[in-house]
Structures are given as C-alpha cells and as structure tokens.
Amino acid sequence: MTPPVRLRPWSGADRDLLDAFNAPSMTAHLGGPEPSSKLAERHARYLALYPPAGAMYVVLLGEERAGSIGWWERVWREEPIYETGWAVLPAFQGRGVAAAAARAVLGEVAAYGTHSAVHAFPSVDHPASNAVCRTAGFVLLGERDVGYPPGSTMRCHDWVADVRRL
Ligand SMILES: CC(C)(COP(=O)(O)OP(=O)(O)OC[C@H]1O[C@@H](n2cnc3c(N)ncnc32)[C@H](O)[C@@H]1OP(=O)(O)O)[C@@H](O)C(=O)NCCC(=O)NCCS
C-alpha cells in the first residue's frame with residue numbers, strides 16, 4: 001500500500017534534519033558525513049531553490065517529518081535536465097516512503113519545471129535507492145561515472161523519468 005506522503009517546501013526550521021541525515025549509516029553511499037559548514041551551505045542552498053530552477057521539500061508522513069526530496073537543474077551530456085535525490089530517516093524506512101515521495105516529486109516537476117527529463121544517479125552498489133527508482137517508474141539507461149562527492153567520482157546508475165508521460 002502506498003503511504004500517504006505529502007511534500008512541503010523546505011523551511012528555515014528544517015536545518016536539524018540535515019544533522020539527522022548526516023549519520024554514517026545515512027551517508028554510506030554518498031561519500032560519508034559532511035562537516036557542519038557544508039551542512040549550513042546545503043541548508044542555505046535548499047532555502048534559495050525555487051522553480052523552475054528546482055525545489056527542495058520535506059517529506060511528511062501524516063504530520064511527521066520522514067525525509068527530504070528535491071529536484072534541481074544540471075547539464076547532463078550537454079542537455080539541461082533535472083536531477084532528483086532523496087533521504088528517509090531510519091525510523092521511516094522500508095515502508096515505501098521514498099518511492100511515494102519520488103512519484104510525488106515527478107508531479108511537482110511536471111507542474112513547475114521547464115525540462116521534461118528527471119534523472120537520478122544512485123551508486124551502483126546502493127540497492128535501496130536503485131529500488132526506489134524502479135518502483136517510482138524510472139527507466140535505467142546504464143552505468144555512468146558521476147562527479148560526486150565534489151573532487152571524486154562515483155560509479156552510478158543513470159535512471160530517467162519523462163514527466164510528459166505521467
Ligand atoms: C534510499 C532510501 C531513501 C530508501 O528509503 P525507503 O523509504 O526505505 O525506501 P522505500 O521503502 O520506498 O523502498 C523502495 C524500494 O526499495 C527497496 N529497499 C528498501 N531498502 C532496501 C535495502 N536496504 N536493500 C534492498 N532494497 C531495499 C524496497 O524493498 C522497495 O522495493 P519494492 O518497491 O520493489 O518493494 C533510504 O534508505 C535512505 O534515506 N538512505 C540514506 C540516504 C540515501 O542514500 N539517499 C539516496 C541517495 S542516491
């Protein structure tokens with residue numbers, strides 16, 4: 001059963017969520033925990049992101065903050081696209097929250113974005129995030145080297161969803 005998730009815009013009061021996401025278990029496939037200064041930069045970036053450049057949201061399950069998701073512009077293989085990424089707090093994992101949020105974020109891009117291709121780039125050895133892509137209806141294009149985290153390269157799956165086909 002799909003859990004009743006809602007997306008609400010990231011707010012100034014959500015800085016603490018970044019600390020919760022920064023645990024070693026949550027960042028194992030993202031290059032590891034970031035220093036506090038990087039989290040502050042990330043928070044400021046999230047607050048300044050507006051459509052059609054992108055948007056960040058808190059994922060709500062009922063009234064509880066269960067995670068985050070967003071979409072942002074990047075140039076990929078010389079084309080302007082949107083990238084998406086997600087995180088769900090350990091207490092809410094394994095209930096379909098990320099997959100439901102990923103479907104919801106495609107609806108947001110369809111409504112407020114200007115590009116139709118939404119890509120996700122989970123590490124090839126991240127079963128949960130690759131399963132989220134599959135369940136949310138993304139199509140696997142193949143393996144790519146992606147420049148992440150800054151200064152290094154990660155072998156990732158390139159998944160795409162076309163919001164014109166929703
Ligand atoms: C990846 C993450 C968001 C998944 O969140 P979640 O809410 O638990 O995911 P869901 O419950 O929606 O699961 C979706 C699918 O993933 C599968 N899945 C979940 N955890 C899994 C695991 N550890 N191993 C394999 N598959 C897994 C589920 O079985 C489900 O598959 P199904 O739809 O075929 O049944 C969560 O583990 C997380 O926040 N991790 C840390 C941050 C992170 O790595 N973000 C992604 C960056 S690319």
# chains A, B, ... in the order shown; residues from 1 in each chain; ligands from 1
>>> residues_around(residues="Asp162 in chain A", least_positions_apart="6", cutoff="9 Å", atoms="only C-alpha atoms", output="PDB file with N, CA and C atoms, in the first residue's frame")
ATOM      1  N   LEU A 106       7.920  13.876  -9.132  1.00  0.00           N
ATOM      2  CA  LEU A 106       7.744  13.933 -10.594  1.00  0.00           C
ATOM      3  C   LEU A 106       6.518  14.783 -10.934  1.00  0.00           C
ATOM      4  N   ALA A 110       6.494  18.127 -13.217  1.00  0.00           N
ATOM      5  CA  ALA A 110       5.529  18.278 -14.327  1.00  0.00           C
ATOM      6  C   ALA A 110       4.788  19.609 -14.208  1.00  0.00           C
ATOM      7  N   SER A 116      11.757  18.188 -19.253  1.00  0.00           N
ATOM      8  CA  SER A 116      10.907  17.012 -19.020  1.00  0.00           C
ATOM      9  C   SER A 116      11.664  15.815 -18.462  1.00  0.00           C
ATOM     10  N   ALA A 117      12.993  15.787 -18.626  1.00  0.00           N
ATOM     11  CA  ALA A 117      13.758  14.621 -18.171  1.00  0.00           C
ATOM     12  C   ALA A 117      14.225  14.821 -16.734  1.00  0.00           C
ATOM     13  N   VAL A 118      13.871  13.867 -15.872  1.00  0.00           N
ATOM     14  CA  VAL A 118      14.313  13.890 -14.473  1.00  0.00           C
ATOM     15  C   VAL A 118      15.197  12.667 -14.258  1.00  0.00           C
ATOM     16  N   HIS A 119      16.465  12.914 -13.918  1.00  0.00           N
ATOM     17  CA  HIS A 119      17.416  11.814 -13.722  1.00  0.00           C
ATOM     18  C   HIS A 119      17.679  11.597 -12.240  1.00  0.00           C
ATOM     19  N   PHE A 138      11.053   5.035 -12.925  1.00  0.00           N
ATOM     20  CA  PHE A 138      12.194   5.500 -13.715  1.00  0.00           C
ATOM     21  C   PHE A 138      12.695   4.342 -14.602  1.00  0.00           C
TER      22      PHE A 138
END
>>> residues_near_ligand(ligand="ligand 1", cutoff="6 Å", atoms="only C-alpha atoms and all ligand atoms", output="PyMOL selection string")
chain A and resi 26-27+29+85-89+93-99+122+127-129+131-132+135
>>> select_by_dssp(residues="range 2-102 of chain A", states="strand (DSSP E or B)", output="number ranges by chain")
A: 5-9, 54-61, 64-76, 79-88
>>> closest_residue(among="A:Thr2, A:Ser123, A:Ala100, A:Tyr46", to="Pro149 in chain A", atoms="only C-alpha atoms")
A:Ser123
>>> select_by_dssp(residues="chain A", states="helix (DSSP H, G or I)", output="PyMOL selection string")
chain A and resi 12-21+36-47+90-92+97-112+127-135+163-165
>>> write_last_selection(atoms="N, CA and C atoms", output="compact mmCIF listing (two decimals), in the first residue's frame")
# COMPACT_ATOMS: atom_id res chain seq x y z
N GLY A 12 13.23 27.23 7.06
CA GLY A 12 14.33 27.58 7.95
C GLY A 12 14.39 26.69 9.19
N ALA A 13 13.24 26.11 9.55
CA ALA A 13 13.17 25.26 10.76
C ALA A 13 13.63 23.83 10.50
N ASP A 14 14.03 23.52 9.26
CA ASP A 14 14.37 22.14 8.92
C ASP A 14 15.87 21.85 8.94
N ARG A 15 16.66 22.80 9.43
CA ARG A 15 18.12 22.62 9.48
C ARG A 15 18.51 21.34 10.25
N ASP A 16 17.74 21.02 11.33
CA ASP A 16 18.08 19.85 12.15
C ASP A 16 17.98 18.54 11.36
N LEU A 17 17.14 18.52 10.33
CA LEU A 17 17.03 17.29 9.53
C LEU A 17 18.36 16.95 8.85
N LEU A 18 19.11 17.99 8.47
CA LEU A 18 20.39 17.73 7.81
C LEU A 18 21.37 17.05 8.75
N ASP A 19 21.30 17.37 10.05
CA ASP A 19 22.14 16.66 11.03
C ASP A 19 21.73 15.20 11.11
N ALA A 20 20.43 14.96 11.10
CA ALA A 20 19.95 13.57 11.18
C ALA A 20 20.36 12.78 9.94
N PHE A 21 20.33 13.42 8.77
CA PHE A 21 20.72 12.73 7.53
C PHE A 21 22.23 12.50 7.47
N SER A 36 29.99 20.47 9.51
CA SER A 36 28.88 21.36 9.82
C SER A 36 28.80 22.55 8.85
N SER A 37 29.97 23.06 8.42
CA SER A 37 29.96 24.21 7.50
C SER A 37 29.29 23.84 6.17
N LYS A 38 29.50 22.60 5.73
CA LYS A 38 28.88 22.14 4.47
C LYS A 38 27.38 21.99 4.64
N LEU A 39 26.95 21.54 5.83
CA LEU A 39 25.52 21.40 6.08
C LEU A 39 24.85 22.78 6.07
N ALA A 40 25.53 23.77 6.62
CA ALA A 40 24.98 25.14 6.62
C ALA A 40 24.83 25.64 5.18
N GLU A 41 25.83 25.36 4.34
CA GLU A 41 25.75 25.76 2.93
C GLU A 41 24.59 25.04 2.23
N ARG A 42 24.46 23.76 2.55
CA ARG A 42 23.40 22.96 1.93
C ARG A 42 22.02 23.53 2.31
N HIS A 43 21.86 23.84 3.60
CA HIS A 43 20.59 24.41 4.09
C HIS A 43 20.28 25.72 3.35
N ALA A 44 21.28 26.59 3.22
CA ALA A 44 21.07 27.87 2.52
C ALA A 44 20.69 27.64 1.06
N ARG A 45 21.34 26.65 0.44
CA ARG A 45 21.04 26.32 -0.96
C ARG A 45 19.60 25.83 -1.09
N TYR A 46 19.18 24.98 -0.18
CA TYR A 46 17.82 24.45 -0.24
C TYR A 46 16.79 25.59 -0.11
N LEU A 47 17.08 26.55 0.79
CA LEU A 47 16.13 27.64 1.03
C LEU A 47 16.03 28.58 -0.18
N PRO A 90 15.87 6.76 9.30
CA PRO A 90 15.81 5.32 9.58
C PRO A 90 14.47 4.86 10.16
N ALA A 91 13.85 5.66 11.03
CA ALA A 91 12.59 5.23 11.67
C ALA A 91 11.45 5.07 10.67
N PHE A 92 11.60 5.66 9.47
CA PHE A 92 10.51 5.62 8.48
C PHE A 92 10.88 4.78 7.25
N VAL A 97 8.07 4.99 1.70
CA VAL A 97 8.03 6.47 1.77
C VAL A 97 8.83 7.08 0.62
N ALA A 98 10.05 6.59 0.39
CA ALA A 98 10.89 7.20 -0.66
C ALA A 98 10.27 7.01 -2.04
N ALA A 99 9.73 5.83 -2.31
CA ALA A 99 9.13 5.60 -3.63
C ALA A 99 7.91 6.50 -3.83
N ALA A 100 7.09 6.65 -2.79
CA ALA A 100 5.91 7.53 -2.90
C ALA A 100 6.35 8.99 -3.08
N ALA A 101 7.40 9.40 -2.36
CA ALA A 101 7.90 10.77 -2.49
C ALA A 101 8.47 11.00 -3.89
N ALA A 102 9.13 9.99 -4.44
CA ALA A 102 9.70 10.13 -5.79
C ALA A 102 8.59 10.31 -6.83
N ARG A 103 7.51 9.58 -6.66
CA ARG A 103 6.38 9.78 -7.59
C ARG A 103 5.82 11.19 -7.43
N ALA A 104 5.71 11.64 -6.18
CA ALA A 104 5.16 12.98 -5.93
C ALA A 104 6.05 14.07 -6.52
N VAL A 105 7.37 13.86 -6.44
CA VAL A 105 8.27 14.90 -6.94
C VAL A 105 8.19 14.98 -8.47
N LEU A 106 7.92 13.88 -9.13
CA LEU A 106 7.74 13.93 -10.59
C LEU A 106 6.52 14.78 -10.93
N GLY A 107 5.49 14.71 -10.10
CA GLY A 107 4.32 15.57 -10.29
C GLY A 107 4.66 17.04 -10.12
N GLU A 108 5.54 17.34 -9.18
CA GLU A 108 5.97 18.73 -8.96
C GLU A 108 6.74 19.24 -10.18
N VAL A 109 7.63 18.39 -10.71
CA VAL A 109 8.40 18.81 -11.89
C VAL A 109 7.46 19.02 -13.07
N ALA A 110 6.49 18.13 -13.22
CA ALA A 110 5.53 18.28 -14.33
C ALA A 110 4.79 19.61 -14.21
N ALA A 111 4.49 20.00 -12.97
CA ALA A 111 3.70 21.23 -12.76
C ALA A 111 4.54 22.50 -12.85
N TYR A 112 5.79 22.45 -12.35
CA TYR A 112 6.55 23.70 -12.17
C TYR A 112 7.88 23.74 -12.92
N PRO A 127 21.43 -0.75 -3.25
CA PRO A 127 20.21 -1.46 -3.66
C PRO A 127 18.93 -0.69 -3.34
N ALA A 128 18.86 -0.06 -2.16
CA ALA A 128 17.61 0.60 -1.77
C ALA A 128 17.27 1.75 -2.72
N SER A 129 18.24 2.58 -3.04
CA SER A 129 17.95 3.75 -3.86
C SER A 129 17.66 3.33 -5.31
N ASN A 130 18.35 2.30 -5.78
CA ASN A 130 18.03 1.80 -7.13
C ASN A 130 16.62 1.21 -7.16
N ALA A 131 16.21 0.55 -6.07
CA ALA A 131 14.85 0.00 -6.00
C ALA A 131 13.81 1.12 -5.97
N VAL A 132 14.14 2.23 -5.31
CA VAL A 132 13.22 3.38 -5.29
C VAL A 132 12.98 3.85 -6.73
N CYS A 133 14.06 3.98 -7.51
CA CYS A 133 13.93 4.43 -8.90
C CYS A 133 13.01 3.50 -9.69
N ARG A 134 13.27 2.20 -9.54
CA ARG A 134 12.49 1.22 -10.31
C ARG A 134 11.02 1.30 -9.92
N THR A 135 10.76 1.33 -8.62
CA THR A 135 9.37 1.33 -8.13
C THR A 135 8.65 2.62 -8.53
N VAL A 163 8.58 13.45 -17.49
CA VAL A 163 7.35 13.92 -16.85
C VAL A 163 6.24 14.22 -17.85
N ARG A 164 6.56 14.29 -19.15
CA ARG A 164 5.49 14.47 -20.13
C ARG A 164 4.64 13.21 -20.25
N ARG A 165 5.19 12.09 -19.78
CA ARG A 165 4.47 10.82 -19.94
C ARG A 165 3.74 10.40 -18.67
>>> atom_distance(atom1="CA of Val124 in chain A", atom2="CA of Arg155 in chain A")
6.1 Å
>>> closest_residue(among="A:His126, A:Arg144, A:Arg8, A:His157", to="Gly67 in chain A", atoms="only C-alpha atoms")
A:Arg8
>>> closest_residue(among="A:Cys156, A:Met1, A:Pro9, A:Asn22", to="Glu34 in chain A", atoms="only C-alpha atoms")
A:Asn22
>>> closest_residue(among="A:Trp10, A:Phe121, A:Trp159, A:Tyr82", to="Val58 in chain A", atoms="only C-alpha atoms")
A:Trp10
>>> closest_residue(among="A:Leu49, A:Val146, A:Val5, A:Val75", to="Gly62 in chain A", atoms="only C-alpha atoms")
A:Val5
>>> atom_distance(atom1="CA of Tyr50 in chain A", atom2="CA of Pro150 in chain A")
23.0 Å
>>> atom_distance(atom1="CA of Gly137 in chain A", atom2="CA of Ser68 in chain A")
19.0 Å
>>> closest_residue(among="A:Ala120, A:Leu30, A:Ile81, A:Ala23", to="Met154 in chain A", atoms="only C-alpha atoms")
A:Leu30
>>> decode(residues="range 53-112 of chain A", atoms="C-alpha atoms", output="PDB file, in the first residue's frame")
ATOM      1  CA  ALA A  53      15.499  26.045 -11.167  1.00  0.00           C
ATOM      2  CA  GLY A  54      14.294  23.391  -8.730  1.00  0.00           C
ATOM      3  CA  ALA A  55      12.840  22.950  -5.247  1.00  0.00           C
ATOM      4  CA  MET A  56      13.561  21.093  -2.007  1.00  0.00           C
ATOM      5  CA  TYR A  57      10.870  19.578   0.184  1.00  0.00           C
ATOM      6  CA  VAL A  58      10.389  17.870   3.486  1.00  0.00           C
ATOM      7  CA  VAL A  59       8.587  14.552   3.048  1.00  0.00           C
ATOM      8  CA  LEU A  60       5.722  14.375   5.549  1.00  0.00           C
ATOM      9  CA  LEU A  61       4.120  11.138   6.631  1.00  0.00           C
ATOM     10  CA  GLY A  62       0.977  12.342   8.322  1.00  0.00           C
ATOM     11  CA  GLU A  63       2.308  15.298  10.335  1.00  0.00           C
ATOM     12  CA  GLU A  64       5.754  13.762  10.926  1.00  0.00           C
ATOM     13  CA  ARG A  65       8.888  14.733   9.032  1.00  0.00           C
ATOM     14  CA  ALA A  66      10.056  11.474   7.451  1.00  0.00           C
ATOM     15  CA  GLY A  67      12.668  12.694   4.966  1.00  0.00           C
ATOM     16  CA  SER A  68      13.596  15.062   2.180  1.00  0.00           C
ATOM     17  CA  ILE A  69      13.439  15.109  -1.594  1.00  0.00           C
ATOM     18  CA  GLY A  70      14.112  17.667  -4.287  1.00  0.00           C
ATOM     19  CA  TRP A  71      14.835  18.466  -7.895  1.00  0.00           C
ATOM     20  CA  TRP A  72      17.439  20.798  -9.326  1.00  0.00           C
ATOM     21  CA  GLU A  73      18.849  21.745 -12.714  1.00  0.00           C
ATOM     22  CA  ARG A  74      22.070  20.412 -14.137  1.00  0.00           C
ATOM     23  CA  VAL A  75      23.600  19.968 -17.557  1.00  0.00           C
ATOM     24  CA  TRP A  76      23.995  16.294 -18.356  1.00  0.00           C
ATOM     25  CA  ARG A  77      25.596  15.143 -21.596  1.00  0.00           C
ATOM     26  CA  GLU A  78      25.182  18.684 -22.913  1.00  0.00           C
ATOM     27  CA  GLU A  79      21.417  18.765 -22.241  1.00  0.00           C
ATOM     28  CA  PRO A  80      19.630  20.718 -19.474  1.00  0.00           C
ATOM     29  CA  ILE A  81      17.905  18.211 -17.200  1.00  0.00           C
ATOM     30  CA  TYR A  82      16.637  17.955 -13.653  1.00  0.00           C
ATOM     31  CA  GLU A  83      18.272  15.685 -11.104  1.00  0.00           C
ATOM     32  CA  THR A  84      16.416  14.333  -8.094  1.00  0.00           C
ATOM     33  CA  GLY A  85      17.631  12.876  -4.793  1.00  0.00           C
ATOM     34  CA  TRP A  86      16.025  11.644  -1.576  1.00  0.00           C
ATOM     35  CA  ALA A  87      16.625  10.658   2.025  1.00  0.00           C
ATOM     36  CA  VAL A  88      14.324   8.963   4.531  1.00  0.00           C
ATOM     37  CA  LEU A  89      15.053   8.840   8.261  1.00  0.00           C
ATOM     38  CA  PRO A  90      15.811   5.324   9.584  1.00  0.00           C
ATOM     39  CA  ALA A  91      12.593   5.226  11.665  1.00  0.00           C
ATOM     40  CA  PHE A  92      10.513   5.616   8.479  1.00  0.00           C
ATOM     41  CA  GLN A  93      12.498   3.423   6.074  1.00  0.00           C
ATOM     42  CA  GLY A  94      11.138   0.256   4.494  1.00  0.00           C
ATOM     43  CA  ARG A  95       7.528   1.491   4.232  1.00  0.00           C
ATOM     44  CA  GLY A  96       7.535   2.829   0.687  1.00  0.00           C
ATOM     45  CA  VAL A  97       8.031   6.466   1.766  1.00  0.00           C
ATOM     46  CA  ALA A  98      10.891   7.197  -0.659  1.00  0.00           C
ATOM     47  CA  ALA A  99       9.131   5.595  -3.628  1.00  0.00           C
ATOM     48  CA  ALA A 100       5.914   7.534  -2.904  1.00  0.00           C
ATOM     49  CA  ALA A 101       7.899  10.769  -2.494  1.00  0.00           C
ATOM     50  CA  ALA A 102       9.702  10.134  -5.795  1.00  0.00           C
ATOM     51  CA  ARG A 103       6.379   9.779  -7.587  1.00  0.00           C
ATOM     52  CA  ALA A 104       5.156  12.981  -5.928  1.00  0.00           C
ATOM     53  CA  VAL A 105       8.271  14.903  -6.940  1.00  0.00           C
ATOM     54  CA  LEU A 106       7.744  13.933 -10.594  1.00  0.00           C
ATOM     55  CA  GLY A 107       4.320  15.565 -10.290  1.00  0.00           C
ATOM     56  CA  GLU A 108       5.974  18.729  -8.965  1.00  0.00           C
ATOM     57  CA  VAL A 109       8.403  18.809 -11.890  1.00  0.00           C
ATOM     58  CA  ALA A 110       5.529  18.278 -14.327  1.00  0.00           C
ATOM     59  CA  ALA A 111       3.698  21.225 -12.760  1.00  0.00           C
ATOM     60  CA  TYR A 112       6.552  23.695 -12.170  1.00  0.00           C
TER      61      TYR A 112
END
